[in-house]
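J.: Below is the structure I would like to discuss, written out as structure tokens.
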Amino acid sequence: MRQKRTQIRDHRAESALFFRRALVSFIGIIVLVSVLLFNLFNIQVEQHQDYKTRSNDNRIKIVPVSPNRGLIYDRNGILLAENRPIYNLEVTIEKVPDMEQTYAALKSVLGLTDEDIERFKKERRRTRRFKSVPILEGLNEQQVALFAVNQHRFPGVEVKAYLKRYYPYGDSLTHVLGYVAKINDRDLKKLDQDGKLSNYKATRDIGKLGIERYYEDLLHGTSGYQEVEVNSRGRIIRTLKYVPPIPGKDIKLNIDLGLQLYVKELLTERKLDPETGEEIIKHKRGSVVVIDPKDDAILAMVSSPSYDPNLFVRGISGKNYRELLNNPDRPLVNRVTLGIYPPASTVKPMIAVAALTEGVVTPKTTRNDPGWWQIPNSTSRKFRDWLRWGHGPVNIYKAIEESVDTYFYQVAYDMGIDRLSAWMNRFGYGEYTGVDIHEESKANMPTRDWKQARHKRPWYQGDTIPVGIGQGYWTATPLQIAKATSVLVNNGVVHRPHLLKDIVDEEVEKPAEFKDFPPISEVSPETWEIAREGMHRVLYGTRGTARKAFYNTPYEAGGKSGSAQVFGLAENQKYNADELEERLRDHALFTAFAPFDKPEVVVSMVLENAGGGSSNGGPIARKIFDHMLIKPNPESKSESNSALTATETTEVQQ
């Protein structure tokens, strides 16, 4: 009998299970498709504008455009600082497959040096990979042509043209104009703090010294930009929008280039080498500043020796910079505003004004000078006069004319350091002059508090005595001496020395305005006249210390010489310049104004280690006055009108 077969599969149950699974899958697909469609709708419709903007950000770039830097002219319209086109070789890091191979190839083609490579590596560390970095600057035409032929060998390397600052008169105006150079990390930090960084996105150089630094905001201008479309490799396809930059403003200085070059030549010694016959040029160490006392406009400012600012614009080599830095003649220092010297006897007319006003002396006060002075009722050392046997009876006029030290020792003793320093502060000593360059020292007008803070010792009575003749702890800059002379010439009106004359805005010259300091108003006109008359006798009196230098001038002038000691002498030691090293000799100082009745010019100078102020500074001041005040003969005008040569004039016009 056959057994009945048992049914194993349940087709109905399997069908039900399949249906349930299919339904769940279908629902899942519907849900996922719905989510996808919702997201597509959200992206394409709801967030369309947002993603469009992001897309454009990847496709459209904002490229800043640097403005042209403003030009600098002298008072007569002669160009002193210009912009010249130069060619730089630049590298975009992300486009170069092998930098080491590129270095080696550029060495063979263009003579790239290890110093160039080190400078490039330093610069690339603070630059984004997609931005180009200069590896060689200032390529000449031959180098540009050589690279053009071999450019296929250098992916990511290209030649770019820029405008670069150029100073056609080299070292003649360095300490006036200063220079521009590459923006460094410190500059970037300062720009960021001042909120100016965005205006320098496309700028490579910034003013570092002098006028270039002080008037950076005027000269730089405002950056523009262009909106460009780029491809996936970052190359520009087309320009969508262009906003031009606003160029910096041109400025005119009070500097007279012809006078500047003439004064510079006066501080230059030229002689022929007896063996080779070649000209040997030696620059004297010193400085001269010429101002117009009517408003203290600076007509010439010469610091010698100097250096060529174009070296820094192009990027000075380490070797050249070390030579300047280690030069014992300190060409990097602007001696007019940073040179610190004892003002010596140049301050005696100002001290006379203070003493007369305070009633310490009168026009009739007469004192006997035996050649020395000693603090009354003391056994202190004797303070010697420059004339060992003395000047005999001395009044205020003779004290200035013959520069009698003992007279002013007594004045300083009677006034005391408190009144003396307070008065000299009002003439500008121990204070910033207000000149429109940042590189300036206040020097030092000593006080009791200053000595206590600096030397941790009290002020002694003996400290006051040498201050009466501009020595001791008292120091000053040549510009401070010129400013003080101008104050005396102007009966106490205290102007602010300044270099800027006009700002050129849309071809309209707008005069620069500078606010004066508070005047010295309590001094009588007669007192100012006494001090000026004393200075007049210095140049024209029978015993005037500078009478030889100003003999037979066709104009009248006033002046005062000074000799500043570099080291102290023992009580019985005699100064002998011939037995001393040159750098231990006295500094020669001289300050003067002319014409006497209506002054148009003030000249002040310090000649380092030159000796007596009258014999060395006087003749230079006389030549400057002659150059400025004596009208040249029309027939010989080309020879004496200015120090500007025909070649230089042609270069300026070109």
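Residue names in the structure tokens use chain letters A, B, ... in the order shown, residue numbers from 1 in each chain, and ligand numbers from 1 in the order shown.
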Please list as a PyMOL selection string every residue within 12 Å of Glu431 of chain A, counting only C-alpha atoms and excluding residues in the same chain fewer than 5 positions away.
T.: chain A and resi 337+421-422+424-426+440-446+475-477+479-481+483-484+496+517
J.: Based on the selection just made, write N, CA, C and O atoms of those residues as a PDB file, in the first residue's frame.
T.:
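After the write, out-v7.pdb holds the following:
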```
ATOM      1  N   THR A 337      69.013 115.696  11.417  1.00  0.00           N
ATOM      2  CA  THR A 337      67.962 115.497  12.410  1.00  0.00           C
ATOM      3  C   THR A 337      68.307 114.449  13.465  1.00  0.00           C
ATOM      4  O   THR A 337      67.670 114.419  14.519  1.00  0.00           O
ATOM      5  N   SER A 421      67.216 125.814  31.362  1.00  0.00           N
ATOM      6  CA  SER A 421      66.640 124.742  30.539  1.00  0.00           C
ATOM      7  C   SER A 421      65.230 125.109  30.082  1.00  0.00           C
ATOM      8  O   SER A 421      64.832 124.808  28.957  1.00  0.00           O
ATOM      9  N   ALA A 422      64.448 125.785  30.959  1.00  0.00           N
ATOM     10  CA  ALA A 422      63.094 126.178  30.582  1.00  0.00           C
ATOM     11  C   ALA A 422      63.114 127.159  29.411  1.00  0.00           C
ATOM     12  O   ALA A 422      62.307 127.051  28.476  1.00  0.00           O
ATOM     13  N   MET A 424      65.559 127.523  27.147  1.00  0.00           N
ATOM     14  CA  MET A 424      66.069 126.890  25.928  1.00  0.00           C
ATOM     15  C   MET A 424      65.055 125.912  25.329  1.00  0.00           C
ATOM     16  O   MET A 424      65.027 125.705  24.116  1.00  0.00           O
ATOM     17  N   ASN A 425      64.204 125.340  26.166  1.00  0.00           N
ATOM     18  CA  ASN A 425      63.102 124.527  25.643  1.00  0.00           C
ATOM     19  C   ASN A 425      62.215 125.352  24.723  1.00  0.00           C
ATOM     20  O   ASN A 425      61.726 124.868  23.695  1.00  0.00           O
ATOM     21  N   ARG A 426      61.989 126.606  25.070  1.00  0.00           N
ATOM     22  CA  ARG A 426      61.118 127.463  24.273  1.00  0.00           C
ATOM     23  C   ARG A 426      61.749 127.809  22.929  1.00  0.00           C
ATOM     24  O   ARG A 426      61.038 128.100  21.958  1.00  0.00           O
ATOM     25  N   GLU A 440      63.972 111.711  13.631  1.00  0.00           N
ATOM     26  CA  GLU A 440      64.424 112.902  14.341  1.00  0.00           C
ATOM     27  C   GLU A 440      64.671 112.586  15.805  1.00  0.00           C
ATOM     28  O   GLU A 440      63.951 111.795  16.406  1.00  0.00           O
ATOM     29  N   SER A 441      65.693 113.216  16.363  1.00  0.00           N
ATOM     30  CA  SER A 441      66.007 113.073  17.780  1.00  0.00           C
ATOM     31  C   SER A 441      65.704 114.385  18.510  1.00  0.00           C
ATOM     32  O   SER A 441      65.883 115.467  17.946  1.00  0.00           O
ATOM     33  N   LYS A 442      65.262 114.283  19.752  1.00  0.00           N
ATOM     34  CA  LYS A 442      65.078 115.474  20.576  1.00  0.00           C
ATOM     35  C   LYS A 442      66.403 115.965  21.146  1.00  0.00           C
ATOM     36  O   LYS A 442      66.474 117.068  21.681  1.00  0.00           O
ATOM     37  N   ALA A 443      67.473 115.132  21.029  1.00  0.00           N
ATOM     38  CA  ALA A 443      68.743 115.424  21.684  1.00  0.00           C
ATOM     39  C   ALA A 443      68.474 115.600  23.185  1.00  0.00           C
ATOM     40  O   ALA A 443      67.578 114.953  23.730  1.00  0.00           O
ATOM     41  N   ASN A 444      69.203 116.493  23.872  1.00  0.00           N
ATOM     42  CA  ASN A 444      69.007 116.588  25.315  1.00  0.00           C
ATOM     43  C   ASN A 444      69.261 117.997  25.836  1.00  0.00           C
ATOM     44  O   ASN A 444      70.328 118.567  25.630  1.00  0.00           O
ATOM     45  N   MET A 445      68.245 118.555  26.456  1.00  0.00           N
ATOM     46  CA  MET A 445      68.404 119.780  27.244  1.00  0.00           C
ATOM     47  C   MET A 445      68.354 119.343  28.697  1.00  0.00           C
ATOM     48  O   MET A 445      67.298 118.969  29.209  1.00  0.00           O
ATOM     49  N   PRO A 446      69.489 119.344  29.399  1.00  0.00           N
ATOM     50  CA  PRO A 446      69.553 118.709  30.722  1.00  0.00           C
ATOM     51  C   PRO A 446      68.735 119.433  31.789  1.00  0.00           C
ATOM     52  O   PRO A 446      68.580 120.657  31.759  1.00  0.00           O
ATOM     53  N   THR A 475      73.003 118.662  24.471  1.00  0.00           N
ATOM     54  CA  THR A 475      73.239 118.261  23.080  1.00  0.00           C
ATOM     55  C   THR A 475      72.110 118.791  22.206  1.00  0.00           C
ATOM     56  O   THR A 475      71.011 119.073  22.693  1.00  0.00           O
ATOM     57  N   ALA A 476      72.384 118.897  20.913  1.00  0.00           N
ATOM     58  CA  ALA A 476      71.389 119.427  19.973  1.00  0.00           C
ATOM     59  C   ALA A 476      71.654 118.859  18.594  1.00  0.00           C
ATOM     60  O   ALA A 476      72.742 118.348  18.301  1.00  0.00           O
ATOM     61  N   THR A 477      70.654 118.961  17.732  1.00  0.00           N
ATOM     62  CA  THR A 477      70.816 118.584  16.323  1.00  0.00           C
ATOM     63  C   THR A 477      71.014 119.857  15.498  1.00  0.00           C
ATOM     64  O   THR A 477      70.597 120.946  15.918  1.00  0.00           O
ATOM     65  N   LEU A 479      69.355 120.820  12.979  1.00  0.00           N
ATOM     66  CA  LEU A 479      68.064 121.423  12.680  1.00  0.00           C
ATOM     67  C   LEU A 479      67.530 122.211  13.873  1.00  0.00           C
ATOM     68  O   LEU A 479      66.889 123.251  13.702  1.00  0.00           O
ATOM     69  N   GLN A 480      67.790 121.744  15.094  1.00  0.00           N
ATOM     70  CA  GLN A 480      67.393 122.509  16.271  1.00  0.00           C
ATOM     71  C   GLN A 480      68.126 123.843  16.329  1.00  0.00           C
ATOM     72  O   GLN A 480      67.538 124.871  16.693  1.00  0.00           O
ATOM     73  N   ILE A 481      69.408 123.849  15.963  1.00  0.00           N
ATOM     74  CA  ILE A 481      70.183 125.089  15.953  1.00  0.00           C
ATOM     75  C   ILE A 481      69.616 126.059  14.922  1.00  0.00           C
ATOM     76  O   ILE A 481      69.479 127.258  15.180  1.00  0.00           O
ATOM     77  N   LYS A 483      66.516 126.116  13.798  1.00  0.00           N
ATOM     78  CA  LYS A 483      65.204 126.570  14.274  1.00  0.00           C
ATOM     79  C   LYS A 483      65.360 127.653  15.328  1.00  0.00           C
ATOM     80  O   LYS A 483      64.643 128.669  15.311  1.00  0.00           O
ATOM     81  N   ALA A 484      66.294 127.472  16.276  1.00  0.00           N
ATOM     82  CA  ALA A 484      66.519 128.465  17.321  1.00  0.00           C
ATOM     83  C   ALA A 484      66.997 129.787  16.722  1.00  0.00           C
ATOM     84  O   ALA A 484      66.593 130.866  17.176  1.00  0.00           O
ATOM     85  N   ARG A 496      57.441 125.959  12.443  1.00  0.00           N
ATOM     86  CA  ARG A 496      57.714 124.521  12.351  1.00  0.00           C
ATOM     87  C   ARG A 496      58.515 124.258  11.072  1.00  0.00           C
ATOM     88  O   ARG A 496      58.005 124.477   9.965  1.00  0.00           O
ATOM     89  N   PHE A 517      54.413 126.857  16.720  1.00  0.00           N
ATOM     90  CA  PHE A 517      54.455 126.619  18.157  1.00  0.00           C
ATOM     91  C   PHE A 517      54.136 127.926  18.893  1.00  0.00           C
ATOM     92  O   PHE A 517      54.190 129.009  18.308  1.00  0.00           O
TER      93      PHE A 517
END
```
J.: Would you list, as a ChimeraX atom specification, the residues of segment 86-160 of chain A that end up in strand (DSSP E or B) under DSSP run on this structure's backbone?
T.: /A:86-92,132-136,157-160
J.: Please produce a file of those selected residues containing all heavy atoms, as a compact mmCIF listing (two decimals), in the first residue's frame.
T.:
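Output file out.txt follows:
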```txt
# COMPACT_ATOMS: atom_id res chain seq x y z
N ILE A 86 60.04 98.27 -14.81
CA ILE A 86 61.07 97.25 -14.67
C ILE A 86 60.45 95.89 -14.94
O ILE A 86 59.22 95.73 -14.93
CB ILE A 86 61.71 97.25 -13.26
CG1 ILE A 86 60.66 96.84 -12.21
CG2 ILE A 86 62.33 98.58 -12.91
CD1 ILE A 86 61.27 96.33 -10.94
N TYR A 87 61.31 94.89 -15.17
CA TYR A 87 60.85 93.53 -15.44
C TYR A 87 61.35 92.61 -14.32
O TYR A 87 62.54 92.61 -13.99
CB TYR A 87 61.36 93.04 -16.79
CG TYR A 87 60.84 93.86 -17.96
CD1 TYR A 87 61.62 94.88 -18.51
CD2 TYR A 87 59.58 93.63 -18.48
CE1 TYR A 87 61.14 95.64 -19.56
CE2 TYR A 87 59.09 94.39 -19.53
CZ TYR A 87 59.88 95.40 -20.07
OH TYR A 87 59.39 96.15 -21.10
N ASN A 88 60.41 91.84 -13.77
CA ASN A 88 60.74 90.86 -12.74
C ASN A 88 60.47 89.45 -13.25
O ASN A 88 59.51 89.23 -13.99
CB ASN A 88 59.90 91.08 -11.48
CG ASN A 88 60.30 92.34 -10.74
OD1 ASN A 88 61.32 92.96 -11.03
ND2 ASN A 88 59.48 92.73 -9.78
N LEU A 89 61.30 88.52 -12.83
CA LEU A 89 61.07 87.11 -13.11
C LEU A 89 60.35 86.53 -11.89
O LEU A 89 60.89 86.57 -10.78
CB LEU A 89 62.38 86.37 -13.36
CG LEU A 89 62.25 84.93 -13.84
CD1 LEU A 89 61.68 84.90 -15.25
CD2 LEU A 89 63.60 84.22 -13.80
N GLU A 90 59.11 86.00 -12.10
CA GLU A 90 58.30 85.56 -10.98
C GLU A 90 57.91 84.09 -11.12
O GLU A 90 57.74 83.59 -12.24
CB GLU A 90 57.06 86.43 -10.84
CG GLU A 90 57.42 87.90 -10.63
CD GLU A 90 56.27 88.73 -10.13
OE1 GLU A 90 55.16 88.17 -9.99
OE2 GLU A 90 56.47 89.93 -9.87
N VAL A 91 57.75 83.45 -9.98
CA VAL A 91 57.46 82.02 -9.92
C VAL A 91 56.15 81.80 -9.17
O VAL A 91 55.96 82.34 -8.08
CB VAL A 91 58.59 81.24 -9.21
CG1 VAL A 91 58.26 79.75 -9.15
CG2 VAL A 91 59.92 81.47 -9.92
N THR A 92 55.25 80.99 -9.76
CA THR A 92 54.03 80.56 -9.07
C THR A 92 54.27 79.13 -8.59
O THR A 92 54.35 78.19 -9.40
CB THR A 92 52.81 80.61 -10.00
OG1 THR A 92 52.68 81.93 -10.54
CG2 THR A 92 51.53 80.26 -9.24
N SER A 132 52.24 84.60 -7.41
CA SER A 132 53.61 84.61 -7.93
C SER A 132 54.54 85.38 -6.99
O SER A 132 54.13 86.34 -6.35
CB SER A 132 53.64 85.25 -9.32
OG SER A 132 53.21 86.59 -9.28
N VAL A 133 55.78 84.92 -6.93
CA VAL A 133 56.80 85.52 -6.06
C VAL A 133 58.02 85.85 -6.92
O VAL A 133 58.49 85.00 -7.69
CB VAL A 133 57.21 84.54 -4.93
CG1 VAL A 133 58.26 85.17 -4.04
CG2 VAL A 133 56.00 84.13 -4.12
N PRO A 134 58.55 87.08 -6.83
CA PRO A 134 59.72 87.43 -7.64
C PRO A 134 60.97 86.68 -7.19
O PRO A 134 61.24 86.58 -5.99
CB PRO A 134 59.87 88.95 -7.42
CG PRO A 134 59.17 89.22 -6.14
CD PRO A 134 58.07 88.23 -6.04
N ILE A 135 61.69 86.15 -8.15
CA ILE A 135 62.95 85.47 -7.85
C ILE A 135 64.13 86.26 -8.39
O ILE A 135 65.24 86.17 -7.86
CB ILE A 135 62.93 84.03 -8.43
CG1 ILE A 135 64.10 83.22 -7.86
CG2 ILE A 135 62.93 84.04 -9.95
CD1 ILE A 135 64.02 81.74 -8.16
N LEU A 136 63.90 87.06 -9.44
CA LEU A 136 64.91 87.99 -9.97
C LEU A 136 64.21 89.31 -10.30
O LEU A 136 63.17 89.29 -10.96
CB LEU A 136 65.57 87.43 -11.23
CG LEU A 136 66.83 86.59 -11.07
CD1 LEU A 136 67.31 86.12 -12.44
CD2 LEU A 136 67.95 87.35 -10.38
N VAL A 157 56.91 79.83 -14.44
CA VAL A 157 57.83 80.97 -14.33
C VAL A 157 57.54 81.93 -15.48
O VAL A 157 57.41 81.49 -16.63
CB VAL A 157 59.31 80.52 -14.39
CG1 VAL A 157 60.24 81.71 -14.17
CG2 VAL A 157 59.59 79.44 -13.35
N GLU A 158 57.42 83.21 -15.18
CA GLU A 158 57.11 84.19 -16.22
C GLU A 158 57.72 85.55 -15.89
O GLU A 158 58.04 85.84 -14.74
CB GLU A 158 55.60 84.32 -16.40
CG GLU A 158 54.86 84.76 -15.14
CD GLU A 158 53.37 84.81 -15.33
OE1 GLU A 158 52.93 85.03 -16.46
OE2 GLU A 158 52.63 84.62 -14.34
N VAL A 159 57.86 86.38 -16.92
CA VAL A 159 58.35 87.74 -16.76
C VAL A 159 57.16 88.68 -16.65
O VAL A 159 56.24 88.63 -17.46
CB VAL A 159 59.24 88.16 -17.96
CG1 VAL A 159 59.60 89.65 -17.86
CG2 VAL A 159 60.50 87.32 -18.00
N LYS A 160 57.17 89.54 -15.61
CA LYS A 160 56.11 90.51 -15.41
C LYS A 160 56.70 91.92 -15.34
O LYS A 160 57.80 92.11 -14.83
CB LYS A 160 55.33 90.21 -14.12
CG LYS A 160 54.48 88.95 -14.18
CD LYS A 160 53.63 88.80 -12.93
CE LYS A 160 52.72 87.58 -13.02
NZ LYS A 160 51.85 87.45 -11.82
```
J.: Between A:Val333, A:Glu507, A:Thr545, A:Met301, single out the one closest to Leu387 of chain A, counting only C-alpha atoms.
T.: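 When distances to Leu387 of chain A are compared using only C-alpha atoms, the smallest one comes from A:Thr545.
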J.: Check the smallest atom-to-atom distance from each of A:Leu177, A:Ala104, A:Val228, A:Val24 to Lys61 of chain A using only C-alpha atoms, then report the winner.
T.: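 Nearest candidate to Lys61 of chain A out of A:Leu177, A:Ala104, A:Val228, A:Val24: A:Val228.
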